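One structure is given here, and the rest of the page talks about it.
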Amino acid sequence: MSNKITTGGWAFEYHTKDAGRIFLKSRTHELKRQKQTVHIYAPGSIYWEDTHDADFPIQETYCYFTGAEVCGLSSFISLEYKFARFLDPDNIIGPLFMAASSCGSTLGEDGFWIIQSYFLKIVHHLLHSKPIDGFNYLVAESTPTQETSSFSNKVEEFLRRNTDRTLSLTEIAAYMKTSESRMCHKFKNETGTSPVARHAELRIEFAKSLIFKGEKFKSIAEMTGYSDEYHFSKAFKASTGLPPRAFKQISD
């Protein structure tokens with residue numbers, strides 16, 4: 001078994017073949033590194049590797065990245081293990097990692113933006129994964145129509161631009177130039193949630209990113225549009241199951 005590994009930042013790991021096992025947080029919590037899986041390690045994640053029963057030669061892609069709190073990937077992470085696993089049985093993610101790796105090898109820095117496009121596609125598929133249990137998710141092909149994608153994305157963009165305040169259904173519907181009932185029905189039908197609920201999630205995701213940056217809770221309440229620290233703490237606990245201070249202690 002390897003030495004203890006503590007990740008210094010956000011990291012992707014993708015396995016094209018069975019790659020042994022890892023032990024999360026302690027040497028007693030064992031997890032197989034199955035082929036066609038994505039592991040995401042959050043900053044401060046602790047694990048050990050064991051490759052004795054791996055399918056050699058090991059084939060995996062490992063890279064550091066930033067922006068997990070902003071794009072929403074941080075919401076998939078187990079607070080206890082600072083980890084998430086995405087199963088990819090249909091091999092949707094694998095070709096994207098391979099293409100990005102190949103582009104980096106052949107083009108170097110000249111391929112930067114091409115590589116970024118592959119990673120954005122990877123993030124898109126991970127964000128639309130279906131929960132299984134705990135920190136496990138299933139990658140599924142998403143095939144929205146052009147109209148569906150355009151409508152939901154426009155609402156989502158408006159919500160993301162206004163995470164510093166509350167939004168009413170009236171205001172969102174006015175921006176979309178449609179009725180409140182039609183907007184709610186269409187958005188929920190396409191995303192599985194309501195615009196107001198999604199906006200609340202985005203505000204909490206923004207708050208998490210500010211906690212990671214070390215901002216004071218009073219300042220975070222102001223920057224996310226809550227009237228005071230009490231109401232911010234109440235909303236944060238309702239969303240995550242933990243008050244902000246407890247979340248910060250686990251994340252440190």
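Chain lettering (A, B, ...) mirrors the order of the structure tokens, residue numbering begins at 1 for each chain separately, and ligand numbering begins at 1 in order of display.
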
Polymer residues at most 10 Å from region 67-71 of chain A, only C-alpha atoms, same-chain spacing of 2 or more positions, as a PyMOL selection string:
chain A and resi 10-11+40+42+65+73-77+120+123-124+127+160+202+204-210+212

Hey, can you spit out that residue selection with C-alpha atoms as an mmCIF file, in the first residue's frame?
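Now in selection_25.cif:
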data_model
loop_
_atom_site.group_PDB
_atom_site.id
_atom_site.type_symbol
_atom_site.label_atom_id
_atom_site.label_comp_id
_atom_site.auth_asym_id
_atom_site.auth_seq_id
_atom_site.Cartn_x
_atom_site.Cartn_y
_atom_site.Cartn_z
ATOM 1 C CA TRP A 10 -9.344 19.798 -6.589
ATOM 2 C CA ALA A 11 -8.405 16.728 -8.639
ATOM 3 C CA ILE A 40 -13.068 13.683 -7.639
ATOM 4 C CA ALA A 42 -11.628 17.864 -2.845
ATOM 5 C CA PHE A 65 -8.440 21.845 -11.618
ATOM 6 C CA LEU A 73 -19.218 20.132 -8.694
ATOM 7 C CA SER A 74 -18.507 20.821 -5.018
ATOM 8 C CA SER A 75 -22.144 20.013 -4.212
ATOM 9 C CA PHE A 76 -21.505 16.354 -5.180
ATOM 10 C CA ILE A 77 -18.676 15.952 -2.670
ATOM 11 C CA LEU A 120 -16.185 21.598 -20.026
ATOM 12 C CA VAL A 123 -18.066 18.842 -16.235
ATOM 13 C CA HIS A 124 -21.403 19.041 -18.079
ATOM 14 C CA LEU A 127 -23.259 17.843 -13.306
ATOM 15 C CA ARG A 160 -26.255 32.703 -11.491
ATOM 16 C CA LEU A 202 -26.803 28.537 -6.359
ATOM 17 C CA ILE A 204 -25.544 28.290 -1.130
ATOM 18 C CA GLU A 205 -22.942 27.064 -3.653
ATOM 19 C CA PHE A 206 -21.637 30.628 -3.864
ATOM 20 C CA ALA A 207 -21.577 30.789 -0.057
ATOM 21 C CA LYS A 208 -19.540 27.564 0.061
ATOM 22 C CA SER A 209 -16.954 29.042 -2.290
ATOM 23 C CA LEU A 210 -16.679 32.092 -0.025
ATOM 24 C CA PHE A 212 -13.418 28.021 1.236
#

10 Å contact set for region 238-242 of chain A, only C-alpha atoms, chain neighbours under 5 positions out, as a PDB file with C-alpha atoms, in the first residue's frame:
ATOM      1  CA  SER A  75     -22.144  20.013  -4.212  1.00  0.00           C
ATOM      2  CA  LEU A  79     -18.399  16.278   3.407  1.00  0.00           C
ATOM      3  CA  ALA A 200     -31.423  29.025  -3.481  1.00  0.00           C
ATOM      4  CA  GLU A 201     -29.006  26.190  -4.357  1.00  0.00           C
ATOM      5  CA  ILE A 204     -25.544  28.290  -1.130  1.00  0.00           C
ATOM      6  CA  GLU A 205     -22.942  27.064  -3.653  1.00  0.00           C
ATOM      7  CA  PHE A 232     -27.895  32.969   6.222  1.00  0.00           C
ATOM      8  CA  SER A 233     -26.962  30.270   8.755  1.00  0.00           C
ATOM      9  CA  PHE A 247     -19.141  23.025   7.369  1.00  0.00           C
ATOM     10  CA  LYS A 248     -16.011  25.179   7.642  1.00  0.00           C
ATOM     11  CA  ILE A 250     -15.035  19.832   8.127  1.00  0.00           C
TER      12      ILE A 250
END

Near region 93-109 of chain A, 12 Å: region 128-179 of chain A residue rows, closest pairs, only C-alpha atoms, as CSV:
residue,atom,partner,partner_atom,distance
A:Ser129,CA,A:Ile93,CA,11.3
A:Leu138,CA,A:Ile93,CA,11.2
A:Val139,CA,A:Ile93,CA,8.1
A:Ala140,CA,A:Ile93,CA,9.8
A:Glu141,CA,A:Ile93,CA,9.9

I need the chosen residues saved as a PDB file, in the first residue's frame, with C-alpha atoms.
ATOM      1  CA  SER A 129     -25.179  12.576 -13.271  1.00  0.00           C
ATOM      2  CA  LEU A 138     -24.137   7.453 -12.475  1.00  0.00           C
ATOM      3  CA  VAL A 139     -23.068   9.308 -15.614  1.00  0.00           C
ATOM      4  CA  ALA A 140     -25.956   9.367 -18.095  1.00  0.00           C
ATOM      5  CA  GLU A 141     -26.177  10.742 -21.605  1.00  0.00           C
TER       6      GLU A 141
END

Identify, with DSSP run on backbone atoms, the residues in region 22-237 of chain A assigned to strand (DSSP E), and express the list as a PDB file with N, CA and C atoms, in the first residue's frame.
ATOM      1  N   ILE A  22      -8.573   2.030  -3.217  1.00  0.00           N
ATOM      2  CA  ILE A  22      -8.145   3.147  -2.382  1.00  0.00           C
ATOM      3  C   ILE A  22      -8.800   2.987  -1.020  1.00  0.00           C
ATOM      4  N   PHE A  23      -8.227   3.638  -0.028  1.00  0.00           N
ATOM      5  CA  PHE A  23      -8.766   3.652   1.323  1.00  0.00           C
ATOM      6  C   PHE A  23      -9.000   5.111   1.693  1.00  0.00           C
ATOM      7  N   LEU A  24     -10.267   5.475   1.892  1.00  0.00           N
ATOM      8  CA  LEU A  24     -10.635   6.858   2.135  1.00  0.00           C
ATOM      9  C   LEU A  24     -10.592   7.208   3.618  1.00  0.00           C
ATOM     10  N   GLU A  30     -12.455   0.837   2.530  1.00  0.00           N
ATOM     11  CA  GLU A  30     -11.915   0.382   1.242  1.00  0.00           C
ATOM     12  C   GLU A  30     -12.892   0.636   0.103  1.00  0.00           C
ATOM     13  N   LEU A  31     -12.351   1.015  -1.046  1.00  0.00           N
ATOM     14  CA  LEU A  31     -13.158   1.284  -2.227  1.00  0.00           C
ATOM     15  C   LEU A  31     -12.395   0.832  -3.467  1.00  0.00           C
ATOM     16  N   LYS A  32     -13.033   0.024  -4.313  1.00  0.00           N
ATOM     17  CA  LYS A  32     -12.378  -0.432  -5.535  1.00  0.00           C
ATOM     18  C   LYS A  32     -12.276   0.702  -6.548  1.00  0.00           C
ATOM     19  N   THR A  37     -14.485   4.810 -14.277  1.00  0.00           N
ATOM     20  CA  THR A  37     -15.004   5.607 -13.171  1.00  0.00           C
ATOM     21  C   THR A  37     -14.200   6.896 -13.055  1.00  0.00           C
ATOM     22  N   VAL A  38     -14.884   7.941 -12.591  1.00  0.00           N
ATOM     23  CA  VAL A  38     -14.229   9.216 -12.295  1.00  0.00           C
ATOM     24  C   VAL A  38     -14.220   9.400 -10.781  1.00  0.00           C
ATOM     25  N   HIS A  39     -13.067   9.701 -10.236  1.00  0.00           N
ATOM     26  CA  HIS A  39     -12.960  10.086  -8.831  1.00  0.00           C
ATOM     27  C   HIS A  39     -12.688  11.584  -8.775  1.00  0.00           C
ATOM     28  N   ILE A  40     -13.378  12.278  -7.892  1.00  0.00           N
ATOM     29  CA  ILE A  40     -13.068  13.683  -7.639  1.00  0.00           C
ATOM     30  C   ILE A  40     -12.646  13.811  -6.186  1.00  0.00           C
ATOM     31  N   TYR A  41     -11.459  14.373  -5.995  1.00  0.00           N
ATOM     32  CA  TYR A  41     -10.926  14.609  -4.661  1.00  0.00           C
ATOM     33  C   TYR A  41     -10.973  16.104  -4.374  1.00  0.00           C
ATOM     34  N   ILE A  46      -8.022  12.793   2.070  1.00  0.00           N
ATOM     35  CA  ILE A  46      -6.951  11.886   2.508  1.00  0.00           C
ATOM     36  C   ILE A  46      -7.277  10.466   2.048  1.00  0.00           C
ATOM     37  N   TYR A  47      -6.314   9.830   1.383  1.00  0.00           N
ATOM     38  CA  TYR A  47      -6.544   8.454   0.948  1.00  0.00           C
ATOM     39  C   TYR A  47      -5.220   7.727   0.744  1.00  0.00           C
ATOM     40  N   TRP A  48      -5.329   6.389   0.681  1.00  0.00           N
ATOM     41  CA  TRP A  48      -4.185   5.530   0.394  1.00  0.00           C
ATOM     42  C   TRP A  48      -4.503   4.728  -0.863  1.00  0.00           C
ATOM     43  N   GLU A  49      -3.498   4.364  -1.645  1.00  0.00           N
ATOM     44  CA  GLU A  49      -3.680   3.550  -2.838  1.00  0.00           C
ATOM     45  C   GLU A  49      -3.108   2.154  -2.621  1.00  0.00           C
ATOM     46  N   ASP A  50      -3.764   1.161  -3.210  1.00  0.00           N
ATOM     47  CA  ASP A  50      -3.261  -0.212  -3.201  1.00  0.00           C
ATOM     48  C   ASP A  50      -3.456  -0.764  -4.613  1.00  0.00           C
ATOM     49  N   GLU A  60      -4.692   5.531 -16.352  1.00  0.00           N
ATOM     50  CA  GLU A  60      -5.534   6.506 -15.693  1.00  0.00           C
ATOM     51  C   GLU A  60      -5.118   7.915 -16.096  1.00  0.00           C
ATOM     52  N   THR A  61      -6.041   8.839 -15.962  1.00  0.00           N
ATOM     53  CA  THR A  61      -5.776  10.259 -16.183  1.00  0.00           C
ATOM     54  C   THR A  61      -5.986  10.971 -14.870  1.00  0.00           C
ATOM     55  N   TYR A  62      -5.039  11.808 -14.495  1.00  0.00           N
ATOM     56  CA  TYR A  62      -5.106  12.519 -13.215  1.00  0.00           C
ATOM     57  C   TYR A  62      -4.763  13.970 -13.484  1.00  0.00           C
ATOM     58  N   CYS A  63      -5.599  14.880 -13.026  1.00  0.00           N
ATOM     59  CA  CYS A  63      -5.287  16.296 -13.240  1.00  0.00           C
ATOM     60  C   CYS A  63      -5.913  17.149 -12.139  1.00  0.00           C
ATOM     61  N   TYR A  64      -5.247  18.252 -11.854  1.00  0.00           N
ATOM     62  CA  TYR A  64      -5.775  19.233 -10.910  1.00  0.00           C
ATOM     63  C   TYR A  64      -6.615  20.254 -11.664  1.00  0.00           C
ATOM     64  N   PHE A  65      -7.611  20.821 -10.989  1.00  0.00           N
ATOM     65  CA  PHE A  65      -8.440  21.845 -11.618  1.00  0.00           C
ATOM     66  C   PHE A  65      -8.941  22.811 -10.551  1.00  0.00           C
ATOM     67  N   PHE A  83     -14.867  13.617  -1.193  1.00  0.00           N
ATOM     68  CA  PHE A  83     -14.678  12.715  -2.328  1.00  0.00           C
ATOM     69  C   PHE A  83     -16.019  12.443  -3.001  1.00  0.00           C
ATOM     70  N   ALA A  84     -15.982  12.186  -4.310  1.00  0.00           N
ATOM     71  CA  ALA A  84     -17.169  11.731  -5.043  1.00  0.00           C
ATOM     72  C   ALA A  84     -16.715  10.778  -6.139  1.00  0.00           C
ATOM     73  N   ARG A  85     -17.563   9.807  -6.446  1.00  0.00           N
ATOM     74  CA  ARG A  85     -17.243   8.825  -7.490  1.00  0.00           C
ATOM     75  C   ARG A  85     -18.383   8.766  -8.505  1.00  0.00           C
ATOM     76  N   PHE A  86     -18.012   8.798  -9.800  1.00  0.00           N
ATOM     77  CA  PHE A  86     -18.981   8.777 -10.887  1.00  0.00           C
ATOM     78  C   PHE A  86     -18.737   7.539 -11.753  1.00  0.00           C
ATOM     79  N   LEU A  87     -19.714   6.665 -11.828  1.00  0.00           N
ATOM     80  CA  LEU A  87     -19.622   5.464 -12.651  1.00  0.00           C
ATOM     81  C   LEU A  87     -19.996   5.811 -14.092  1.00  0.00           C
ATOM     82  N   LYS A 130     -26.726  11.075 -12.213  1.00  0.00           N
ATOM     83  CA  LYS A 130     -27.830  10.693 -11.332  1.00  0.00           C
ATOM     84  C   LYS A 130     -27.282  10.096 -10.029  1.00  0.00           C
ATOM     85  N   PRO A 131     -27.782  10.529  -8.887  1.00  0.00           N
ATOM     86  CA  PRO A 131     -27.306   9.977  -7.613  1.00  0.00           C
ATOM     87  C   PRO A 131     -27.662   8.510  -7.450  1.00  0.00           C
ATOM     88  N   ILE A 132     -26.735   7.737  -6.893  1.00  0.00           N
ATOM     89  CA  ILE A 132     -26.985   6.319  -6.599  1.00  0.00           C
ATOM     90  C   ILE A 132     -27.142   6.165  -5.090  1.00  0.00           C
ATOM     91  N   ASP A 133     -26.060   6.402  -4.374  1.00  0.00           N
ATOM     92  CA  ASP A 133     -26.083   6.395  -2.912  1.00  0.00           C
ATOM     93  C   ASP A 133     -24.794   7.030  -2.417  1.00  0.00           C
ATOM     94  N   ASN A 136     -21.719   8.152  -4.536  1.00  0.00           N
ATOM     95  CA  ASN A 136     -21.712   7.482  -5.837  1.00  0.00           C
ATOM     96  C   ASN A 136     -22.772   8.051  -6.777  1.00  0.00           C
ATOM     97  N   TYR A 137     -22.365   8.279  -8.036  1.00  0.00           N
ATOM     98  CA  TYR A 137     -23.262   8.840  -9.043  1.00  0.00           C
ATOM     99  C   TYR A 137     -23.109   8.068 -10.357  1.00  0.00           C
ATOM    100  N   LEU A 138     -24.151   8.131 -11.186  1.00  0.00           N
ATOM    101  CA  LEU A 138     -24.137   7.453 -12.475  1.00  0.00           C
ATOM    102  C   LEU A 138     -24.143   8.486 -13.590  1.00  0.00           C
TER     103      LEU A 138
END

Could you give me, as a PyMOL selection string, the residues within 10 Å of Ser179 (chain A), counting only C-alpha atoms and dropping anything in the same chain fewer than 5 positions from it?
chain A and resi 169-170+172-174+184

Residue subset to file, keeping C-alpha atoms, as a PDB file, in the first residue's frame:
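The resulting file, selection.pdb, is reproduced below:
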ATOM      1  CA  LEU A 169     -40.849  34.439  -9.521  1.00  0.00           C
ATOM      2  CA  THR A 170     -42.311  37.658 -10.901  1.00  0.00           C
ATOM      3  CA  ILE A 172     -37.561  35.847 -13.198  1.00  0.00           C
ATOM      4  CA  ALA A 173     -40.675  35.509 -15.366  1.00  0.00           C
ATOM      5  CA  ALA A 174     -40.395  39.152 -16.436  1.00  0.00           C
ATOM      6  CA  CYS A 184     -42.150  27.332 -13.500  1.00  0.00           C
TER       7      CYS A 184
END

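The nearest approach to Glu229 (chain A) among the residues A:Phe158, A:Arg245, A:Asp53, A:Glu171, with only C-alpha atoms taken into account, belongs to A:Arg245.
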
Contacts of Tyr226 (chain A) within 12 Å, only C-alpha atoms, excl. fewer than 4 positions in-chain, as a list in words
Thr163, Asp164, Arg165, Thr166, Leu167, Ala200, Arg203, Ile204, Ala207, Phe217, Lys218, Ser219, Ile220, Ala221, Glu222, Tyr230, His231, Phe232, Ser233, Lys234, Ala235 and Phe236 of chain A

Take the residues from that selection and put them in a file with N, CA and C atoms, as a tab-separated table (two decimals), in the first residue's frame.
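File out32.tsv, as written:
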chain	number	residue	atom	x	y	z
A	163	THR	N	-26.80	35.82	-7.60
A	163	THR	CA	-26.66	35.05	-6.35
A	163	THR	C	-26.38	35.97	-5.16
A	164	ASP	N	-26.30	37.27	-5.40
A	164	ASP	CA	-26.04	38.21	-4.32
A	164	ASP	C	-27.32	38.82	-3.75
A	165	ARG	N	-28.47	38.28	-4.15
A	165	ARG	CA	-29.74	38.82	-3.66
A	165	ARG	C	-30.85	37.78	-3.86
A	166	THR	N	-32.01	38.08	-3.29
A	166	THR	CA	-33.17	37.21	-3.50
A	166	THR	C	-33.83	37.57	-4.82
A	167	LEU	N	-34.51	36.60	-5.41
A	167	LEU	CA	-35.24	36.81	-6.66
A	167	LEU	C	-36.66	36.29	-6.49
A	200	ALA	N	-31.86	29.23	-4.87
A	200	ALA	CA	-31.42	29.02	-3.48
A	200	ALA	C	-30.18	28.13	-3.44
A	203	ARG	N	-27.12	30.13	-4.55
A	203	ARG	CA	-26.65	31.05	-3.50
A	203	ARG	C	-25.83	30.30	-2.44
A	204	ILE	N	-26.28	29.09	-2.10
A	204	ILE	CA	-25.54	28.29	-1.13
A	204	ILE	C	-24.21	27.82	-1.72
A	207	ALA	N	-21.98	30.63	-1.46
A	207	ALA	CA	-21.58	30.79	-0.06
A	207	ALA	C	-20.47	29.79	0.30
A	217	PHE	N	-18.41	35.05	8.11
A	217	PHE	CA	-19.80	34.68	7.88
A	217	PHE	C	-20.70	35.91	7.70
A	218	LYS	N	-20.42	36.97	8.41
A	218	LYS	CA	-21.21	38.18	8.26
A	218	LYS	C	-21.08	38.73	6.84
A	219	SER	N	-19.86	38.71	6.33
A	219	SER	CA	-19.62	39.20	4.97
A	219	SER	C	-20.28	38.28	3.94
A	220	ILE	N	-20.23	36.97	4.20
A	220	ILE	CA	-20.85	36.01	3.27
A	220	ILE	C	-22.35	36.24	3.21
A	221	ALA	N	-22.97	36.48	4.38
A	221	ALA	CA	-24.41	36.76	4.41
A	221	ALA	C	-24.74	37.96	3.54
A	222	GLU	N	-23.92	38.99	3.63
A	222	GLU	CA	-24.16	40.20	2.83
A	222	GLU	C	-23.95	39.92	1.34
A	230	TYR	N	-27.81	35.36	10.90
A	230	TYR	CA	-28.74	34.35	11.41
A	230	TYR	C	-29.52	33.70	10.28
A	231	HIS	N	-30.11	34.54	9.40
A	231	HIS	CA	-30.91	34.00	8.30
A	231	HIS	C	-30.04	33.25	7.30
A	232	PHE	N	-28.82	33.71	7.09
A	232	PHE	CA	-27.89	32.97	6.22
A	232	PHE	C	-27.59	31.59	6.80
A	233	SER	N	-27.29	31.53	8.10
A	233	SER	CA	-26.96	30.27	8.76
A	233	SER	C	-28.14	29.30	8.69
A	234	LYS	N	-29.34	29.83	8.87
A	234	LYS	CA	-30.55	29.00	8.84
A	234	LYS	C	-30.75	28.40	7.44
A	235	ALA	N	-30.57	29.21	6.40
A	235	ALA	CA	-30.72	28.73	5.03
A	235	ALA	C	-29.62	27.73	4.66
A	236	PHE	N	-28.41	28.00	5.11
A	236	PHE	CA	-27.28	27.12	4.81
A	236	PHE	C	-27.49	25.75	5.44

What's the separation between CA of Val196 (chain A) and CA of His128 (chain A), in Å to one decimal place?
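Computed distance, CA of Val196 (chain A) to CA of His128 (chain A), equals 19.1 Å.
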
Shortest interatomic distance to Arg198 (chain A) - which of A:Glu156, A:Asp55, A:Asp228, A:Asp110, counting only C-alpha atoms:
A:Glu156

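For the set A:Thr16, A:Ser227, A:Ser152, A:Ser117, the residue with the smallest atom-to-atom gap to Gly192 (chain A) is A:Ser152, counting only C-alpha atoms.
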
Based on DSSP run over this structure's backbone, return all residues of region 5-218 of chain A in helix (DSSP H, G or I), as a ChimeraX atom specification.
/A:68-71,73-76,94-127,146-161,169-176,180-191,195-212,217-218

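Compared by their closest atoms to Phe119 (chain A), and using only C-alpha atoms, the residues A:Gly20, A:Phe12, A:Pro243, A:Ser45 rank with A:Phe12 nearest.
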
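Across the structure, CA of Pro43 (chain A) and CA of Lys213 (chain A) are spaced 12.0 Å apart.
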
In terms of only C-alpha atoms, the residue from A:Ile115, A:Leu126, A:Ala19, A:Ala197 at minimal distance from Ile92 (chain A) is A:Leu126
